[in-house]
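Dumped entry_30.tsv below, it's TSV, C-alpha atoms:
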chain	number	residue	atom	x	y	z
A	5	MET	CA	-14.30	3.04	-18.39
A	6	PRO	CA	-12.03	3.51	-15.32
A	7	THR	CA	-10.57	6.97	-14.97
A	8	LYS	CA	-7.49	8.37	-13.32
A	9	ILE	CA	-6.78	11.74	-11.79
A	10	VAL	CA	-3.47	13.10	-13.02
A	11	VAL	CA	-1.81	16.00	-11.24
A	12	ASP	CA	1.05	17.72	-13.03
A	13	CYS	CA	3.15	18.79	-10.06
A	14	SER	CA	5.07	21.31	-12.14
A	15	THR	CA	1.92	23.28	-12.91
A	16	GLY	CA	-0.54	22.14	-10.26
A	17	ILE	CA	-3.07	21.36	-12.98
A	18	SER	CA	-5.27	18.32	-12.33
A	19	THR	CA	-7.04	16.42	-15.10
A	20	GLU	CA	-9.24	13.34	-15.19
A	21	VAL	CA	-8.56	10.91	-18.03
A	22	GLU	CA	-9.63	7.43	-19.05
A	23	LEU	CA	-7.18	4.59	-18.47
A	24	THR	CA	-5.50	3.00	-21.44
A	25	ALA	CA	-5.94	-0.69	-22.18
A	26	GLU	CA	-2.34	-1.25	-21.05
A	27	GLU	CA	-2.97	0.48	-17.71
A	28	ILE	CA	-6.12	-1.56	-17.13
A	29	ALA	CA	-4.21	-4.75	-17.89
A	30	GLN	CA	-1.48	-3.77	-15.42
A	31	MET	CA	-4.06	-3.05	-12.71
A	32	GLU	CA	-5.68	-6.42	-13.26
A	33	ALA	CA	-2.30	-8.16	-13.16
A	34	ASP	CA	-1.40	-6.43	-9.89
A	35	ALA	CA	-4.72	-7.44	-8.38
A	36	ALA	CA	-4.28	-11.06	-9.42
A	37	LYS	CA	-0.76	-11.15	-8.03
A	38	ALA	CA	-1.84	-9.65	-4.71
A	39	GLU	CA	-4.54	-12.28	-4.32
A	40	ALA	CA	-2.14	-15.07	-5.27
A	41	ASP	CA	0.37	-13.81	-2.69
A	42	ARG	CA	-2.31	-13.76	-0.01
A	43	LYS	CA	-3.48	-17.29	-0.81
A	44	ALA	CA	0.09	-18.61	-0.78
A	45	ALA	CA	0.77	-17.02	2.60
A	46	ASP	CA	-2.49	-18.37	4.03
A	47	GLU	CA	-1.70	-21.87	2.79
A	48	GLU	CA	1.79	-21.75	4.25
A	49	ALA	CA	0.44	-20.61	7.62
A	50	ALA	CA	-2.22	-23.35	7.61
A	51	LEU	CA	0.39	-26.00	6.77
A	52	LYS	CA	2.67	-24.89	9.60
A	53	ALA	CA	-0.23	-24.88	12.05
A	54	ALA	CA	-1.20	-28.42	11.02
A	55	GLN	CA	2.38	-29.67	11.34
A	56	LYS	CA	2.66	-28.09	14.77
A	57	ALA	CA	-0.61	-29.63	15.97
A	58	GLU	CA	0.44	-33.05	14.70
A	59	LEU	CA	3.78	-32.84	16.47
A	60	LEU	CA	2.20	-31.78	19.76
A	61	GLU	CA	-0.22	-34.69	19.51
A	62	ARG	CA	2.59	-37.15	18.87
A	63	LEU	CA	4.50	-35.80	21.86
A	64	GLY	CA	1.36	-35.84	23.99
A	65	ILE	CA	1.87	-32.30	25.30
A	66	THR	CA	0.04	-29.02	25.01
A	67	GLU	CA	1.34	-25.88	23.31
A	68	ASP	CA	1.87	-24.23	26.70
A	69	GLU	CA	3.89	-27.25	27.85
A	70	ALA	CA	5.97	-27.06	24.68
A	71	LYS	CA	6.71	-23.41	25.41
A	72	LEU	CA	7.81	-24.35	28.93
A	73	LEU	CA	10.18	-26.94	27.50
A	74	LEU	CA	11.71	-24.49	25.04
A	75	GLY	CA	11.74	-21.48	27.37
B	9	MET	CA	16.32	15.49	9.23
B	10	ALA	CA	13.21	17.01	7.78
B	11	ALA	CA	13.08	20.75	8.40
B	12	THR	CA	10.26	21.92	6.18
B	13	PHE	CA	7.13	20.44	4.66
B	14	THR	CA	5.84	22.08	1.47
B	15	LYS	CA	2.63	20.93	-0.15
B	16	ILE	CA	3.33	20.09	-3.78
B	17	ALA	CA	-0.15	18.96	-4.79
B	18	THR	CA	-3.34	17.53	-3.39
B	19	VAL	CA	-6.16	15.47	-4.90
B	20	THR	CA	-9.69	15.00	-3.65
B	21	VAL	CA	-11.69	12.34	-5.49
B	22	GLY	CA	-14.99	13.55	-6.87
B	23	SER	CA	-18.43	11.96	-6.97
B	24	GLY	CA	-17.57	9.67	-9.88
B	25	GLY	CA	-14.72	7.96	-8.04
B	26	ALA	CA	-11.33	7.26	-9.59
B	27	SER	CA	-9.35	4.13	-10.33
B	28	THR	CA	-5.98	5.83	-10.13
B	29	ILE	CA	-4.34	8.93	-8.65
B	30	ASP	CA	-1.21	9.99	-10.43
B	31	PHE	CA	1.33	12.64	-9.34
B	32	SER	CA	3.47	13.42	-12.37
B	33	SER	CA	6.36	15.80	-13.12
B	34	ILE	CA	7.42	15.83	-9.47
B	35	PRO	CA	10.20	18.40	-9.12
B	36	ALA	CA	13.60	17.16	-7.96
B	37	THR	CA	14.16	20.19	-5.77
B	38	TYR	CA	13.40	18.64	-2.38
B	39	THR	CA	15.34	16.25	-0.15
B	40	ASP	CA	12.52	13.81	0.60
B	41	LEU	CA	8.90	13.25	-0.39
B	42	CYS	CA	5.98	12.41	1.86
B	43	LEU	CA	2.60	11.23	0.60
B	44	LYS	CA	-0.32	11.40	3.00
B	45	VAL	CA	-3.49	9.63	1.94
B	46	SER	CA	-6.97	9.00	3.26
B	47	LEU	CA	-8.52	6.24	1.16
B	48	ARG	CA	-11.44	3.89	0.76
B	49	CYS	CA	-12.68	1.94	-2.24
B	50	ASP	CA	-15.95	0.51	-3.52
B	51	ALA	CA	-14.71	-3.08	-3.94
B	52	ALA	CA	-16.63	-5.83	-2.19
B	53	GLY	CA	-15.26	-6.78	1.19
B	54	ALA	CA	-13.84	-5.04	4.19
B	55	HIS	CA	-10.26	-4.68	5.32
B	56	ALA	CA	-8.61	-7.55	3.52
B	57	SER	CA	-5.58	-8.35	1.48
B	58	SER	CA	-7.80	-8.19	-1.58
B	59	VAL	CA	-8.78	-4.59	-0.78
B	60	ALA	CA	-5.47	-2.82	-0.89
B	61	VAL	CA	-3.62	0.06	-2.53
B	62	ASN	CA	-0.92	-0.68	-5.07
B	63	PHE	CA	1.51	1.86	-6.43
B	64	SER	CA	4.21	2.42	-8.99
B	65	LEU	CA	7.09	4.85	-9.32
B	66	ASN	CA	7.89	6.46	-12.68
B	67	ASN	CA	5.45	3.95	-14.20
B	68	VAL	CA	8.09	1.23	-13.78
B	69	THR	CA	6.98	-2.16	-12.50
B	70	THR	CA	10.28	-4.01	-12.15
B	71	ASN	CA	13.11	-4.27	-9.61
B	72	ARG	CA	10.84	-3.83	-6.60
B	73	SER	CA	10.66	-5.77	-3.34
B	74	PHE	CA	8.59	-5.31	-0.22
B	75	ARG	CA	8.23	-6.43	3.39
B	76	TRP	CA	4.79	-6.24	4.98
B	77	LEU	CA	3.69	-6.51	8.59
B	78	GLU	CA	-0.08	-6.30	8.72
B	79	ALA	CA	-3.13	-6.97	10.88
B	80	TYR	CA	-6.63	-6.82	9.51
B	81	ASP	CA	-10.23	-7.96	9.94
B	82	GLY	CA	-9.87	-8.62	13.65
B	83	THR	CA	-8.01	-11.93	13.41
B	84	ASN	CA	-5.42	-11.89	10.65
B	85	VAL	CA	-1.86	-10.97	11.58
B	86	TRP	CA	0.86	-11.76	9.12
B	87	SER	CA	4.13	-10.76	7.60
B	88	THR	CA	5.55	-11.56	4.22
B	89	ASN	CA	8.18	-10.68	1.66
B	90	ASN	CA	7.22	-10.30	-1.97
B	91	THR	CA	7.17	-8.08	-5.03
B	92	THR	CA	3.56	-6.93	-4.89
B	93	PRO	CA	3.76	-3.12	-4.79
B	94	ARG	CA	1.33	-2.63	-1.92
B	95	LEU	CA	1.22	0.47	0.25
B	96	MET	CA	-1.68	-0.34	2.53
B	97	ILE	CA	-4.90	-2.24	3.15
B	98	MET	CA	-8.00	-0.03	3.12
B	99	GLY	CA	-11.70	-0.31	3.71
B	100	GLY	CA	-14.06	-1.62	1.05
B	101	ALA	CA	-17.81	-1.57	0.57
B	102	ALA	CA	-18.46	-3.67	3.69
B	103	THR	CA	-16.78	-1.31	6.11
B	104	THR	CA	-18.49	1.35	8.21
B	105	ALA	CA	-19.88	4.13	6.01
B	106	SER	CA	-17.78	7.27	5.59
B	107	THR	CA	-14.70	5.81	7.26
B	108	PHE	CA	-11.29	5.91	5.61
B	109	THR	CA	-7.85	4.40	6.10
B	110	ASN	CA	-4.98	6.82	6.53
B	111	ALA	CA	-1.38	6.30	5.57
B	112	GLU	CA	1.86	8.19	5.53
B	113	VAL	CA	4.31	7.12	2.86
B	114	TYR	CA	7.88	8.41	2.95
B	115	PHE	CA	10.44	8.53	0.14
B	116	PRO	CA	13.86	9.58	1.49
B	117	ASN	CA	16.43	10.98	-0.93
B	118	TYR	CA	13.99	10.43	-3.80
B	119	ALA	CA	16.00	12.42	-6.32
B	120	GLY	CA	19.37	10.85	-5.54
B	121	SER	CA	21.24	8.29	-7.60
B	122	ASN	CA	21.08	5.48	-5.03
B	123	ASN	CA	18.38	2.81	-4.87
B	124	LYS	CA	15.12	4.11	-3.42
B	125	SER	CA	13.63	3.18	-0.07
B	126	ILE	CA	9.94	3.51	0.67
B	127	SER	CA	8.14	3.22	4.00
B	128	SER	CA	4.42	3.22	4.68
B	129	ASP	CA	2.49	3.07	7.92
B	130	TYR	CA	-1.26	2.99	8.01
B	131	VAL	CA	-4.26	2.53	10.23
B	132	SER	CA	-7.98	2.50	9.53
B	133	GLU	CA	-10.72	4.55	11.05
B	134	GLU	CA	-13.45	1.94	11.46
B	135	ASN	CA	-15.61	2.19	14.59
B	136	SER	CA	-16.17	-1.57	14.51
B	137	SER	CA	-14.87	-4.38	16.68
B	138	SER	CA	-14.57	-6.83	13.82
B	139	TYR	CA	-13.13	-4.81	10.97
B	140	GLY	CA	-10.04	-2.69	10.74
B	141	SER	CA	-6.48	-2.73	9.56
B	142	LEU	CA	-3.05	-1.46	10.43
B	143	GLY	CA	0.38	-2.17	9.15
B	144	PHE	CA	3.83	-1.23	8.08
B	145	VAL	CA	5.41	-1.67	4.68
B	146	ALA	CA	9.08	-1.33	3.77
B	147	GLY	CA	9.91	-1.15	0.09
B	148	LEU	CA	12.91	-1.02	-2.17
B	149	TRP	CA	12.99	0.14	-5.77
B	150	SER	CA	16.38	-0.78	-7.19
B	151	SER	CA	16.81	2.15	-9.51
B	152	THR	CA	19.17	5.07	-9.75
B	153	ASP	CA	16.51	7.23	-11.40
B	154	ALA	CA	15.00	10.16	-9.53
B	155	ILE	CA	11.37	9.57	-8.59
B	156	ASN	CA	9.32	11.91	-10.77
B	157	GLN	CA	5.98	10.10	-10.78
B	158	ILE	CA	3.95	8.35	-8.06
B	159	THR	CA	0.81	6.44	-9.03
B	160	ILE	CA	-1.60	4.78	-6.62
B	161	SER	CA	-4.59	2.59	-7.38
B	162	PRO	CA	-6.85	0.07	-5.61
B	163	ASN	CA	-6.12	-3.56	-6.43
B	164	SER	CA	-9.84	-3.87	-7.10
B	165	GLY	CA	-12.63	-1.35	-7.52
B	166	ASN	CA	-12.28	2.43	-7.45
B	167	PHE	CA	-11.37	5.06	-4.92
B	168	VAL	CA	-14.59	6.63	-3.65
B	169	GLN	CA	-15.61	10.25	-3.30
B	170	TYR	CA	-13.75	12.29	-0.65
B	171	CYS	CA	-10.60	10.19	-0.79
B	172	THR	CA	-7.62	12.51	-0.56
B	173	ALA	CA	-3.94	12.28	-1.42
B	174	THR	CA	-1.47	15.05	-0.70
B	175	LEU	CA	2.17	15.05	-1.76
B	176	TYR	CA	4.67	17.05	0.27
B	177	GLY	CA	8.24	17.96	-0.48
B	178	ILE	CA	10.66	18.13	2.43
B	179	LYS	CA	13.90	20.03	2.57
B	180	ASN	CA	16.63	19.33	5.06
B	181	SER	CA	17.27	22.99	5.73
Structure re-expressed in structure tokens:
Amino acid sequence: MPTKIVVDCSTGISTEVELTAEEIAQMEADAAKAEADRKAADEEAALKAAQKAELLERLGITEDEAKLLLG
Amino acid sequence: MAATFTKIATVTVGSGGASTIDFSSIPATYTDLCLKVSLRCDAAGAHASSVAVNFSLNNVTTNRSFRWLEAYDGTNVWSTNNTTPRLMIMGGAATTASTFTNAEVYFPNYAGSNNKSISSDYVSEENSSSYGSLGFVAGLWSSTDAINQITISPNSGNFVQYCTATLYGIKNS
């Protein structure tokens, strides 16, 4: 069973207690959301990179040449 | 402007590890709070988005938004906006033994009645050319409540032995 360290800042007393089922569920939900966020960001970045590469190919120029044009 | 730092409490994780560190009953007698942590977890992987530290304030999980700017694992650099309550990326089981990631988290005007800002900056100690992480996080908790509880936990696995977390109170005079 996962445990947590709880410090009561008003007394300075530290205790180690087992997590409740609700706390475990929240931790698991946070973890799932973090991973979903990461995957979504990775997919968006990959899509933009592919669109950029396709456009450069259609234009027949390199990325450096595109920067020169836009600079 | 911070004039004094007073240690409120400190935690060092023991040999059994811990899934959560919780600072409760934080007094409202300071101007700002500062949380300094040195963390690592036993989850599989290295410095990755899936090996990170989440947190909550007052055990409330709503009305939060974040902006991240992060670099990790040698190649990944990204920024994003979302509601995942992440403070930092840290090392996992694949990272160099006995290395930790350090962060400073700041909570200005934590006991006031305005919405709460949070900032975090972190960098890993790694001693490897391929692994590592650094980043900045800006957070907003839209609540008029004073912060009286700060809870941190890995988004997978447990904090390992020798992890530390120290909470400071800061007064402006």
By how many Å are atom CA of Phe63 of chain B and atom CA of Ala50 of chain A apart? 29.1 Å
Pull out every residue of chain A sitting within 10 Å of chain B, counting only C-alpha atoms, and send them as a PyMOL selection string. chain A and resi 5-23+27-28+30-43+45-46+49
Export of the given selection (C-alpha atoms) as a PDB file, keeping the file's coordinate frame:
ATOM      1  CA  MET A   5     -14.300   3.040 -18.390  1.00  0.00           C
ATOM      2  CA  PRO A   6     -12.030   3.510 -15.320  1.00  0.00           C
ATOM      3  CA  THR A   7     -10.570   6.970 -14.970  1.00  0.00           C
ATOM      4  CA  LYS A   8      -7.490   8.370 -13.320  1.00  0.00           C
ATOM      5  CA  ILE A   9      -6.780  11.740 -11.790  1.00  0.00           C
ATOM      6  CA  VAL A  10      -3.470  13.100 -13.020  1.00  0.00           C
ATOM      7  CA  VAL A  11      -1.810  16.000 -11.240  1.00  0.00           C
ATOM      8  CA  ASP A  12       1.050  17.720 -13.030  1.00  0.00           C
ATOM      9  CA  CYS A  13       3.150  18.790 -10.060  1.00  0.00           C
ATOM     10  CA  SER A  14       5.070  21.310 -12.140  1.00  0.00           C
ATOM     11  CA  THR A  15       1.920  23.280 -12.910  1.00  0.00           C
ATOM     12  CA  GLY A  16      -0.540  22.140 -10.260  1.00  0.00           C
ATOM     13  CA  ILE A  17      -3.070  21.360 -12.980  1.00  0.00           C
ATOM     14  CA  SER A  18      -5.270  18.320 -12.330  1.00  0.00           C
ATOM     15  CA  THR A  19      -7.040  16.420 -15.100  1.00  0.00           C
ATOM     16  CA  GLU A  20      -9.240  13.340 -15.190  1.00  0.00           C
ATOM     17  CA  VAL A  21      -8.560  10.910 -18.030  1.00  0.00           C
ATOM     18  CA  GLU A  22      -9.630   7.430 -19.050  1.00  0.00           C
ATOM     19  CA  LEU A  23      -7.180   4.590 -18.470  1.00  0.00           C
ATOM     20  CA  GLU A  27      -2.970   0.480 -17.710  1.00  0.00           C
ATOM     21  CA  ILE A  28      -6.120  -1.560 -17.130  1.00  0.00           C
ATOM     22  CA  GLN A  30      -1.480  -3.770 -15.420  1.00  0.00           C
ATOM     23  CA  MET A  31      -4.060  -3.050 -12.710  1.00  0.00           C
ATOM     24  CA  GLU A  32      -5.680  -6.420 -13.260  1.00  0.00           C
ATOM     25  CA  ALA A  33      -2.300  -8.160 -13.160  1.00  0.00           C
ATOM     26  CA  ASP A  34      -1.400  -6.430  -9.890  1.00  0.00           C
ATOM     27  CA  ALA A  35      -4.720  -7.440  -8.380  1.00  0.00           C
ATOM     28  CA  ALA A  36      -4.280 -11.060  -9.420  1.00  0.00           C
ATOM     29  CA  LYS A  37      -0.760 -11.150  -8.030  1.00  0.00           C
ATOM     30  CA  ALA A  38      -1.840  -9.650  -4.710  1.00  0.00           C
ATOM     31  CA  GLU A  39      -4.540 -12.280  -4.320  1.00  0.00           C
ATOM     32  CA  ALA A  40      -2.140 -15.070  -5.270  1.00  0.00           C
ATOM     33  CA  ASP A  41       0.370 -13.810  -2.690  1.00  0.00           C
ATOM     34  CA  ARG A  42      -2.310 -13.760  -0.010  1.00  0.00           C
ATOM     35  CA  LYS A  43      -3.480 -17.290  -0.810  1.00  0.00           C
ATOM     36  CA  ALA A  45       0.770 -17.020   2.600  1.00  0.00           C
ATOM     37  CA  ASP A  46      -2.490 -18.370   4.030  1.00  0.00           C
ATOM     38  CA  ALA A  49       0.440 -20.610   7.620  1.00  0.00           C
TER      39      ALA A  49
END
Which residue of B:Ser151, B:Ser73, B:Ser46, B:Ser23 approaches Thr174 of chain B most closely, using all atoms listed in the file: B:Ser46
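Atom CA of Val45 of chain B is positioned 18.2 Å from atom CA of Thr104 of chain B.
Picture a line from atom CA of Asn117 of chain B to atom CA of Ala36 of chain B; it runs 9.8 Å.
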